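Here is upload.cif, consisting of mmCIF, C-alpha atoms:
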```
data_target
#
loop_
_atom_site.label_atom_id
_atom_site.label_comp_id
_atom_site.auth_asym_id
_atom_site.auth_seq_id
_atom_site.Cartn_x
_atom_site.Cartn_y
_atom_site.Cartn_z
CA MET A 168 -25.90 -141.56 -80.92
CA VAL A 169 -24.39 -138.44 -79.38
CA PRO A 170 -25.85 -137.81 -75.90
CA ILE A 171 -28.05 -134.73 -75.64
CA PRO A 172 -26.50 -132.08 -73.36
CA ASP A 173 -28.23 -131.60 -70.03
CA PHE A 174 -29.09 -127.95 -70.67
CA MET A 175 -31.08 -128.97 -73.74
CA MET A 176 -33.16 -131.38 -71.69
CA LYS A 177 -34.21 -128.44 -69.54
CA LYS A 178 -35.66 -126.42 -72.36
CA LYS A 179 -39.43 -126.34 -72.34
CA ARG A 180 -39.79 -125.40 -75.99
CA ILE A 181 -37.42 -127.69 -77.85
CA LEU A 182 -40.08 -128.84 -80.35
CA PRO A 183 -40.55 -125.42 -82.00
CA LEU A 184 -36.76 -125.04 -82.30
CA LEU A 185 -36.29 -128.45 -83.90
CA LEU A 186 -39.14 -127.76 -86.29
CA ALA A 187 -37.66 -124.39 -87.22
CA LEU A 188 -34.27 -125.93 -87.90
CA THR A 189 -35.88 -128.72 -89.90
CA LEU A 190 -37.72 -126.22 -92.07
CA ILE A 191 -34.56 -124.17 -92.59
CA VAL A 192 -32.38 -127.17 -93.47
CA SER A 193 -34.97 -128.73 -95.76
CA GLY A 194 -35.42 -125.49 -97.65
CA LEU A 195 -39.19 -125.44 -97.26
CA PRO A 196 -40.74 -122.03 -98.00
CA LEU A 197 -41.19 -120.03 -94.84
CA ALA A 198 -43.15 -117.14 -96.31
CA VAL A 199 -46.38 -118.08 -94.63
CA HIS A 200 -48.95 -115.65 -93.39
CA ALA A 201 -48.52 -115.54 -89.63
CA GLU A 202 -51.79 -114.32 -88.19
CA GLU A 203 -52.05 -113.23 -84.63
CA SER A 204 -54.00 -115.12 -82.01
CA THR A 205 -56.46 -113.50 -79.67
CA GLN A 206 -56.54 -113.35 -76.02
CA PRO A 207 -59.26 -112.05 -74.99
CA GLY A 208 -54.65 -94.30 -60.74
CA GLU A 209 -52.22 -91.84 -58.42
CA LEU A 210 -53.84 -90.25 -61.45
CA SER A 211 -56.53 -88.29 -59.71
CA PRO A 212 -59.67 -89.39 -57.98
CA GLN A 213 -62.30 -89.96 -60.60
CA THR A 214 -65.11 -87.53 -60.09
CA GLU A 215 -67.54 -89.29 -62.39
CA SER A 216 -69.00 -92.78 -62.35
CA SER A 217 -66.96 -95.61 -63.84
CA ASP A 218 -69.33 -95.93 -66.76
CA ALA A 219 -68.72 -92.36 -67.84
CA SER A 220 -68.33 -92.24 -71.59
CA ASP A 221 -65.35 -89.97 -71.54
CA ALA A 222 -68.23 -89.05 -69.56
CA GLY A 223 -69.62 -90.31 -72.76
CA GLU A 224 -66.37 -90.84 -74.58
CA PRO A 225 -68.31 -92.00 -76.68
CA LEU A 226 -39.37 -110.61 -88.92
CA ASP A 227 -38.93 -113.10 -91.05
CA ASP A 228 -35.15 -113.27 -90.34
CA ALA A 229 -32.25 -111.48 -88.68
CA LYS A 230 -31.92 -109.03 -91.54
CA SER A 231 -35.51 -107.91 -91.10
CA ASP A 232 -34.92 -107.45 -87.40
CA GLN A 233 -31.91 -105.25 -88.06
CA GLU A 234 -33.80 -103.18 -90.62
CA THR A 235 -36.73 -102.76 -88.24
CA ALA A 236 -34.40 -101.61 -85.47
CA ALA A 237 -32.79 -99.13 -87.85
CA LYS A 238 -36.17 -97.72 -88.78
CA SER A 239 -37.28 -97.26 -85.20
CA ASN A 240 -34.07 -95.38 -84.38
CA ALA A 241 -34.14 -93.14 -87.45
CA SER A 242 -34.85 -89.43 -86.98
CA SER A 243 -38.51 -88.52 -87.18
CA THR A 244 -37.45 -85.20 -88.62
CA SER A 245 -37.71 -86.76 -92.09
CA GLU A 246 -41.47 -86.56 -91.79
CA THR A 247 -43.26 -83.56 -93.22
CA ALA A 248 -46.12 -82.15 -91.21
CA SER A 249 -49.47 -83.02 -92.72
CA SER A 250 -52.38 -80.63 -92.83
CA GLU A 251 -54.37 -80.05 -89.64
CA GLN A 252 -56.87 -82.85 -89.05
CA GLN A 253 -59.55 -80.54 -87.73
CA PRO A 254 -59.44 -76.82 -87.12
CA SER A 255 -60.40 -77.31 -83.48
CA SER A 256 -57.60 -79.71 -82.54
CA GLU A 257 -54.36 -78.52 -81.01
CA GLU A 258 -51.27 -80.21 -82.42
CA THR A 259 -47.69 -80.35 -81.28
CA GLU A 260 -44.93 -82.23 -83.05
CA SER A 261 -41.74 -83.52 -81.48
CA THR A 262 -38.72 -85.00 -83.16
CA GLN A 263 -36.27 -87.62 -82.03
CA PRO A 264 -32.52 -86.90 -81.90
CA SER A 265 -31.01 -87.39 -85.33
CA THR A 266 -28.88 -90.45 -86.03
CA GLU A 267 -25.98 -91.03 -88.39
CA ASP A 268 -27.81 -93.78 -90.23
CA THR A 269 -30.43 -92.04 -92.39
CA GLN A 270 -30.65 -94.47 -95.29
CA ASP A 271 -34.10 -95.71 -94.24
CA GLN A 272 -35.65 -92.35 -93.50
CA ASP A 273 -37.72 -92.34 -96.69
CA GLU A 274 -39.37 -95.57 -95.53
CA GLU A 275 -39.81 -94.49 -91.93
CA THR A 276 -43.28 -94.50 -90.47
CA THR A 277 -44.26 -92.00 -87.82
CA LYS A 278 -45.75 -92.97 -84.49
CA VAL A 279 -48.45 -90.59 -83.30
CA VAL A 280 -50.03 -90.08 -79.88
CA THR A 281 -53.37 -88.37 -79.30
CA ILE A 282 -54.10 -86.90 -75.87
CA GLY A 283 -57.54 -86.09 -74.48
CA ASN A 284 -57.76 -82.33 -73.98
CA ASP A 285 -59.51 -82.54 -70.60
CA LEU A 286 -56.86 -84.62 -68.83
CA SER A 287 -54.65 -82.97 -66.24
CA GLU A 288 -50.95 -82.56 -67.00
CA LYS A 289 -50.13 -85.39 -64.61
CA GLN A 290 -52.64 -87.67 -66.31
CA LYS A 291 -51.22 -86.80 -69.71
CA ALA A 292 -47.75 -87.70 -68.48
CA SER A 293 -49.07 -91.02 -67.19
CA MET A 294 -50.38 -91.85 -70.65
CA TYR A 295 -46.97 -91.39 -72.27
CA GLU A 296 -45.54 -93.61 -69.54
CA TYR A 297 -48.20 -96.24 -70.21
CA PHE A 298 -47.57 -96.11 -73.95
CA GLY A 299 -43.85 -96.65 -73.30
CA THR A 300 -42.78 -93.49 -75.07
CA ALA A 301 -42.16 -89.78 -74.47
CA PRO A 302 -43.39 -86.54 -76.09
CA GLU A 303 -40.05 -85.99 -77.81
CA GLN A 304 -40.19 -89.43 -79.44
CA VAL A 305 -43.56 -89.09 -81.16
CA LYS A 306 -45.84 -86.61 -82.85
CA THR A 307 -48.68 -85.52 -80.58
CA ILE A 308 -52.22 -84.35 -81.33
CA VAL A 309 -54.49 -82.93 -78.61
CA VAL A 310 -58.05 -84.10 -79.27
CA THR A 311 -60.82 -81.75 -78.18
CA HIS A 312 -64.52 -82.22 -77.55
CA ALA A 313 -65.16 -80.29 -80.77
CA ASP A 314 -63.23 -82.96 -82.68
CA GLU A 315 -65.49 -85.66 -81.27
CA VAL A 316 -68.61 -83.70 -82.15
CA HIS A 317 -67.31 -83.25 -85.69
CA TYR A 318 -66.94 -87.00 -86.16
CA MET A 319 -69.92 -88.28 -84.20
CA GLU A 320 -72.69 -85.68 -84.37
CA GLY A 321 -75.75 -87.15 -86.04
CA ILE A 322 -74.47 -90.69 -85.42
CA ALA A 323 -74.16 -90.88 -81.64
CA THR A 324 -76.45 -89.36 -79.05
CA ALA A 325 -75.40 -86.32 -77.02
CA LYS A 326 -75.05 -88.62 -74.01
CA GLN A 327 -72.72 -90.95 -75.93
CA ILE A 328 -70.61 -88.06 -77.13
CA GLY A 329 -70.51 -86.46 -73.69
CA LYS A 330 -69.06 -83.07 -72.81
CA THR A 331 -65.41 -83.91 -72.15
CA THR A 332 -62.54 -85.67 -73.92
CA TYR A 333 -60.33 -88.05 -71.96
CA SER A 334 -59.40 -91.01 -74.16
CA CYS A 335 -55.91 -91.19 -75.68
CA ALA A 336 -54.44 -93.23 -78.50
CA TYR A 337 -51.07 -94.38 -79.82
CA VAL A 338 -50.82 -95.44 -83.47
CA GLU A 339 -48.03 -97.16 -85.35
CA PRO A 340 -48.51 -97.84 -89.09
CA THR A 341 -47.37 -101.29 -90.27
CA GLU A 342 -46.87 -102.98 -93.62
CA SER A 343 -48.90 -106.12 -92.93
CA GLY A 344 -50.77 -108.08 -90.27
CA GLY A 345 -54.05 -106.20 -90.39
CA VAL A 346 -55.25 -103.91 -87.61
CA ARG A 347 -54.12 -104.96 -84.13
CA VAL A 348 -55.50 -103.19 -81.07
CA LYS A 349 -54.97 -103.03 -77.32
CA THR A 350 -57.15 -101.04 -74.93
CA ALA A 351 -56.79 -99.96 -71.32
CA ASN A 352 -59.56 -98.71 -69.02
CA LEU A 353 -62.24 -98.75 -71.72
CA ASN A 354 -65.15 -100.56 -70.12
CA PHE A 355 -67.59 -100.65 -73.03
CA VAL A 356 -65.73 -100.32 -76.34
CA THR A 357 -63.51 -103.36 -76.88
CA SER A 358 -60.30 -103.83 -78.85
CA ALA A 359 -62.22 -105.94 -81.36
CA MET A 360 -64.79 -103.20 -81.91
CA ILE A 361 -62.06 -100.64 -82.61
CA ALA A 362 -60.18 -102.99 -84.94
CA SER A 363 -63.28 -103.85 -86.95
CA THR A 364 -64.49 -100.28 -87.29
CA LEU A 365 -61.04 -99.13 -88.40
CA THR A 366 -61.22 -101.53 -91.34
CA THR A 367 -64.51 -99.87 -92.29
CA ALA A 368 -62.76 -96.49 -92.12
CA GLY A 369 -60.29 -97.77 -94.72
CA VAL A 370 -57.40 -98.66 -92.41
CA GLU A 371 -55.62 -101.83 -93.54
CA ASN A 372 -52.53 -102.30 -91.35
CA CYS A 373 -51.50 -100.66 -88.08
CA ASN A 374 -50.95 -101.20 -84.38
CA VAL A 375 -53.26 -99.21 -82.09
CA ILE A 376 -53.49 -98.58 -78.37
CA ALA A 377 -56.57 -96.77 -77.03
CA ALA A 378 -56.50 -95.94 -73.34
CA CYS A 379 -57.43 -93.60 -70.52
CA PRO A 380 -55.95 -93.02 -67.03
CA PHE A 381 -59.29 -94.07 -65.52
CA GLU A 382 -62.32 -96.02 -66.66
CA VAL A 383 -64.49 -94.55 -69.42
CA SER A 384 -66.79 -96.19 -71.93
CA GLY A 385 -64.46 -95.38 -74.82
CA THR A 386 -67.12 -94.46 -77.38
CA GLY A 387 -65.04 -91.43 -78.37
CA ALA A 388 -61.73 -93.31 -78.63
CA LEU A 389 -62.15 -93.93 -82.36
CA THR A 390 -61.93 -90.19 -83.05
CA GLY A 391 -58.38 -89.95 -81.72
CA VAL A 392 -57.31 -93.19 -83.39
CA ILE A 393 -58.45 -92.02 -86.83
CA MET A 394 -56.82 -88.61 -86.37
CA ALA A 395 -53.57 -90.29 -85.31
CA TYR A 396 -53.63 -92.71 -88.24
CA GLU A 397 -54.17 -89.92 -90.74
CA LYS A 398 -51.31 -87.92 -89.23
CA ALA A 399 -48.97 -90.92 -89.14
CA ASN A 400 -49.62 -91.69 -92.80
CA ASP A 401 -49.81 -88.07 -93.95
CA GLN A 402 -53.10 -88.74 -95.70
CA ASN A 403 -56.81 -88.34 -95.11
CA LEU A 404 -59.18 -91.28 -95.07
CA ASP A 405 -62.39 -91.10 -97.07
CA GLU A 406 -64.99 -89.04 -95.20
CA GLY A 407 -67.79 -91.45 -96.10
CA GLN A 408 -65.85 -94.43 -94.80
CA LYS A 409 -65.02 -92.61 -91.56
CA GLU A 410 -68.70 -91.85 -91.09
CA ALA A 411 -69.58 -95.50 -91.73
CA ALA A 412 -66.94 -96.54 -89.17
CA MET A 413 -68.43 -94.29 -86.50
CA GLU A 414 -71.89 -95.62 -87.30
CA GLU A 415 -70.61 -99.20 -87.05
CA LEU A 416 -69.15 -98.50 -83.61
CA ILE A 417 -72.44 -97.10 -82.32
CA THR A 418 -74.54 -99.80 -84.01
CA THR A 419 -72.38 -102.57 -82.55
CA GLY A 420 -72.50 -100.93 -79.13
CA ASN A 421 -76.26 -100.60 -79.20
CA LEU A 422 -76.62 -104.20 -80.35
CA ALA A 423 -74.30 -105.34 -77.55
CA ASP A 424 -76.79 -104.00 -75.02
CA SER A 425 -79.32 -106.62 -76.10
CA ILE A 426 -77.28 -109.63 -77.27
CA GLY A 427 -73.87 -109.13 -75.64
CA GLN A 428 -70.58 -107.67 -76.87
CA GLU A 429 -69.05 -110.80 -78.37
CA GLN A 430 -72.21 -111.79 -80.21
CA ALA A 431 -72.71 -108.26 -81.50
CA ILE A 432 -69.14 -108.00 -82.80
CA ASP A 433 -69.24 -111.43 -84.47
CA LEU A 434 -72.63 -110.81 -86.07
CA VAL A 435 -71.73 -107.40 -87.50
CA ASN A 436 -68.37 -108.68 -88.79
CA ASP A 437 -69.94 -111.74 -90.43
CA VAL A 438 -72.58 -109.62 -92.16
CA LYS A 439 -69.92 -107.14 -93.28
CA THR A 440 -67.74 -109.93 -94.68
CA GLN A 441 -70.69 -111.36 -96.64
CA VAL A 442 -71.76 -107.97 -97.99
CA ILE A 443 -68.23 -107.14 -99.15
CA GLY A 444 -67.40 -110.64 -100.36
CA ASP A 445 -70.63 -111.08 -102.34
CA LYS A 446 -70.68 -107.42 -103.41
CA LEU A 447 -74.21 -106.95 -102.13
CA THR A 448 -75.73 -103.54 -102.74
CA ASP A 449 -79.46 -104.18 -102.95
CA PRO A 450 -81.16 -103.37 -99.60
CA ALA A 451 -83.37 -106.47 -99.82
CA GLU A 452 -80.36 -108.74 -100.36
CA ILE A 453 -78.47 -107.06 -97.54
CA GLN A 454 -81.39 -107.50 -95.15
CA GLU A 455 -81.62 -111.15 -96.15
CA ALA A 456 -77.93 -111.53 -95.33
CA VAL A 457 -78.52 -109.89 -91.94
CA GLU A 458 -81.34 -112.33 -91.19
CA ASP A 459 -79.31 -115.35 -92.36
CA VAL A 460 -76.30 -114.42 -90.22
CA ALA A 461 -78.53 -113.77 -87.21
CA LYS A 462 -80.06 -117.22 -87.68
CA ASP A 463 -76.60 -118.78 -87.90
CA HIS A 464 -75.70 -117.10 -84.62
CA ASP A 465 -79.01 -118.15 -83.05
CA VAL A 466 -79.81 -114.51 -82.37
CA ASN A 467 -83.26 -112.96 -82.47
CA LEU A 468 -83.06 -109.41 -83.76
CA THR A 469 -85.85 -106.88 -83.47
CA ASP A 470 -87.13 -105.21 -86.63
CA SER A 471 -85.39 -102.02 -85.49
CA GLU A 472 -82.05 -103.81 -85.06
CA LYS A 473 -82.34 -105.46 -88.48
CA GLU A 474 -83.05 -102.09 -90.04
CA GLN A 475 -80.13 -100.41 -88.27
CA ILE A 476 -77.66 -103.10 -89.38
CA THR A 477 -79.06 -103.10 -92.93
CA GLN A 478 -78.67 -99.32 -93.25
CA LEU A 479 -75.11 -99.55 -91.96
CA MET A 480 -74.25 -102.25 -94.49
CA GLU A 481 -75.81 -100.24 -97.31
CA LYS A 482 -73.30 -97.49 -96.56
CA ILE A 483 -70.40 -99.95 -96.32
CA SER A 484 -71.40 -101.56 -99.64
CA GLN A 485 -70.75 -98.26 -101.46
CA PHE A 486 -67.00 -98.52 -100.91
CA ASP A 487 -64.33 -100.75 -102.39
CA TYR A 488 -62.69 -102.93 -99.75
CA ASP A 489 -60.00 -105.58 -100.11
CA LEU A 490 -61.62 -108.69 -98.66
CA GLY A 491 -58.26 -110.38 -98.06
CA THR A 492 -56.94 -107.43 -96.06
CA LEU A 493 -60.20 -107.20 -94.15
CA LYS A 494 -59.87 -110.87 -93.20
CA ASP A 495 -56.34 -110.24 -91.88
CA THR A 496 -57.91 -108.12 -89.17
CA LEU A 497 -60.97 -110.31 -88.60
CA ASN A 498 -58.73 -113.36 -88.25
CA ASN A 499 -56.86 -111.51 -85.51
CA LEU A 500 -60.17 -111.15 -83.69
CA ASP A 501 -61.11 -114.79 -84.15
CA GLY A 502 -57.68 -116.25 -83.36
CA LYS A 503 -57.71 -118.29 -86.55
CA LEU A 504 -54.27 -119.89 -86.68
CA SER A 505 -54.02 -123.22 -88.40
CA GLY A 506 -51.64 -125.55 -90.22
CA LEU A 507 -48.15 -124.42 -91.16
CA SER A 508 -49.12 -120.78 -90.61
CA GLY A 509 -49.83 -121.42 -86.94
CA ILE A 510 -46.71 -123.53 -86.49
CA TRP A 511 -44.48 -120.92 -88.06
CA HIS A 512 -46.08 -118.17 -85.96
CA SER A 513 -45.23 -120.11 -82.80
CA ILE A 514 -41.65 -120.66 -83.94
CA LYS A 515 -41.13 -117.03 -84.91
CA SER A 516 -42.68 -115.75 -81.68
CA PHE A 517 -40.41 -118.04 -79.66
CA PHE A 518 -37.24 -116.67 -81.25
CA VAL A 519 -37.93 -113.11 -82.42
CA GLY A 520 -41.12 -111.97 -80.74
CA ASN A 521 -44.50 -111.43 -82.28
CA GLY A 522 -43.97 -108.24 -84.26
CA ASN A 523 -46.66 -106.40 -82.35
CA GLY A 524 -44.53 -103.30 -81.97
CA ILE A 525 -45.98 -100.74 -79.59
CA LEU A 526 -48.53 -103.25 -78.27
CA SER A 527 -45.73 -105.11 -76.51
CA ASP A 528 -44.20 -102.02 -74.92
CA THR A 529 -47.00 -100.79 -72.67
CA ASN A 530 -46.44 -100.25 -68.95
CA ASP A 531 -49.63 -101.24 -67.14
CA ASP A 532 -48.17 -100.13 -63.80
CA ALA A 533 -48.37 -96.53 -64.99
CA LEU A 534 -52.16 -96.66 -64.70
CA GLY A 535 -52.34 -98.19 -61.23
CA ASP A 536 -53.41 -101.54 -59.85
CA ASP A 537 -56.96 -101.54 -61.21
CA VAL A 538 -56.23 -101.07 -64.91
CA ILE A 539 -58.41 -103.17 -67.21
CA THR A 540 -56.92 -104.22 -70.53
CA ASP A 541 -58.16 -105.95 -73.65
CA SER A 542 -56.25 -106.94 -76.78
CA THR A 543 -56.80 -108.58 -80.15
CA VAL A 544 -53.32 -110.13 -80.05
CA ASP A 545 -50.99 -112.18 -77.91
CA ASP A 546 -48.30 -109.66 -76.99
CA SER A 547 -45.87 -112.12 -75.45
CA GLY A 548 -42.59 -113.10 -77.08
CA PHE A 549 -38.96 -112.16 -77.50
CA LYS A 550 -37.63 -108.97 -79.04
CA ASP A 551 -34.15 -110.02 -80.14
CA GLY A 552 -33.20 -111.74 -83.40
CA LEU A 553 -33.85 -115.25 -84.67
CA TRP A 554 -30.21 -116.24 -85.02
CA THR A 555 -29.37 -114.82 -81.58
CA ARG A 556 -32.10 -116.98 -80.09
CA ILE A 557 -30.80 -120.08 -81.91
CA LYS A 558 -27.22 -119.43 -80.78
CA ASN A 559 -28.28 -118.84 -77.19
CA PHE A 560 -30.40 -121.97 -77.23
CA PHE A 561 -27.44 -124.17 -78.21
CA THR A 562 -24.89 -122.44 -75.98
CA GLY A 563 -27.24 -122.44 -73.01
CA SER A 564 -26.49 -118.76 -72.40
CA ASP A 565 -30.12 -117.64 -72.34
CA ASP A 566 -32.21 -118.98 -69.49
CA ASP A 567 -35.85 -118.17 -70.24
CA SER A 568 -37.33 -120.65 -67.77
CA GLU A 569 -40.57 -119.56 -66.17
#
```

Can you present the structure in this file as structure tokens?
Amino acid sequence: MVPIPDFMMKKKRILPLLLALTLIVSGLPLAVHAEESTQPGELSPQTESSDASDAGEPLDDAKSDQETAAKSNASSTSETASSEQQPSSEETESTQPSTEDTQDQDEETTKVVTIGNDLSEKQKASMYEYFGTAPEQVKTIVVTHADEVHYMEGIATAKQIGKTTYSCAYVEPTESGGVRVKTANLNFVTSAMIASTLTTAGVENCNVIAACPFEVSGTGALTGVIMAYEKANDQNLDEGQKEAAMEELITTGNLADSIGQEQAIDLVNDVKTQVIGDKLTDPAEIQEAVEDVAKDHDVNLTDSEKEQITQLMEKISQFDYDLGTLKDTLNNLDGKLSGLSGIWHSIKSFFVGNGNGILSDTNDDALGDDVITDSTVDDSGFKDGLWTRIKNFFTGSDDDSE
């Protein structure tokens, strides 16, 4: 037997490599569905309490890596400006310097940033720094208080809507993987709540960051995310689904006050999955599903809470959702990785990174030492190609020891 070189003995992750090579050599199919696992300023002195809600706000292989890199470097000038999202929002669009390689421009997706109108210029700059981008590299929408009122009036209370708009968002459309979300300085709305409600709005695949330079509740963050998604995809989501999404966010938040955030999110998602999967439309059947799920979760709901969830699900039941796509996102929230899918995800993340795009590029230091973050994904990993990682592993030229 040929002795194993010393540098290989020092590698902490030799098993994933050997398994990857075994799969490649044996010709086993590698097209598995790699779901993501969960894990759970000087900006200006904050003049309002930390629970202000915006004072209410409210790579499958090397070829794929190369194509992805080409897309991200392509000129954003190929995009055509979509119609204004709301008459009250201010919008500015910036383009990246053009490149010689334009063959993928037709397939290019646009990254969009939304900025809270009431932030100072310095705070706005800090958000671009946190997102890991710059105004000239993305399209930008300024979200106003009037935009939030348009989306949330009649669903949220005046206190939840607030009088100012601070939250910002960064959206990157994707082709697969469901909705993946990271938040910063949102102390009430979680990444899981945003991800779940976006599926209700009709969003199937995208990476989302929702953040603020200082702590706010985040109840208004969904407004900017939806506006950014529509701009990035040059299309409008169904108004009824957007309304249902806003109602889901508020319903889940209200329920969290009595049973806790995690329980509230899990309960609402499980009821939603059953309603969509079983195609329930009758109010009595929907209420029975609510009661059954609550029993499974060992949760005692008040009559008012049952009614609120039932009414929400009646609205959701009116729309046609793809249950498989919905589960892509819900599996992100639950961290459901198993079997070959989980093994391949670990191997791919080791060599090429996790494919989380903008979620992996944030700069937490830009928001100070006290930033609080929450994410539906594990944003660790490597960003270079699979074959580069394999070559470096065998040559010993890449020391990734911790």

remark   = note - CA of Glu382 (chain A) and CA of Val305 (chain A) are separated by 24.7 Å

ask   = Of the candidates A:Gly299, A:Gly444, A:Gly329, A:Gly427, which one gets nearest to Asp532 (chain A) if we count all atoms listed in the file?
value =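 Residue with the minimum atom-to-atom distance to Asp532 (chain A): A:Gly299.
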
query = What gap, in Å, lies between CA of Asp314 (chain A) and CA of Tyr297 (chain A)?
reply =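 So the answer is 23.6 Å.
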
request  = Please write as an MDAnalysis selection string the full residue list that the PyMOL selection byres ((chain A and resi 292) around 10) yields on this file.
outcome  = chainID A and resid 210 282 286:291 293:297 301:302 380 533

message = Quick check on the file I pasted: which residues fall under the PyMOL selection byres ((chain A and resi 536) around 12)? Write them as a list of chain:residue names.
response =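 With the PyMOL selection byres ((chain A and resi 536) around 12) on this model, the match is A:Gly208, A:Glu209, A:Leu210, A:Asn352, A:Pro380, A:Phe381, A:Asn530, A:Asp531, A:Asp532, A:Ala533, A:Leu534, A:Gly535, A:Asp537, A:Val538, A:Ile539, A:Thr540.
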
query = What does the distance from CA of Cys379 (chain A) to CA of Gly391 (chain A) come to in Å, to one decimal?
reply =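 Going from CA of Cys379 (chain A) over to CA of Gly391 (chain A) covers 11.8 Å.
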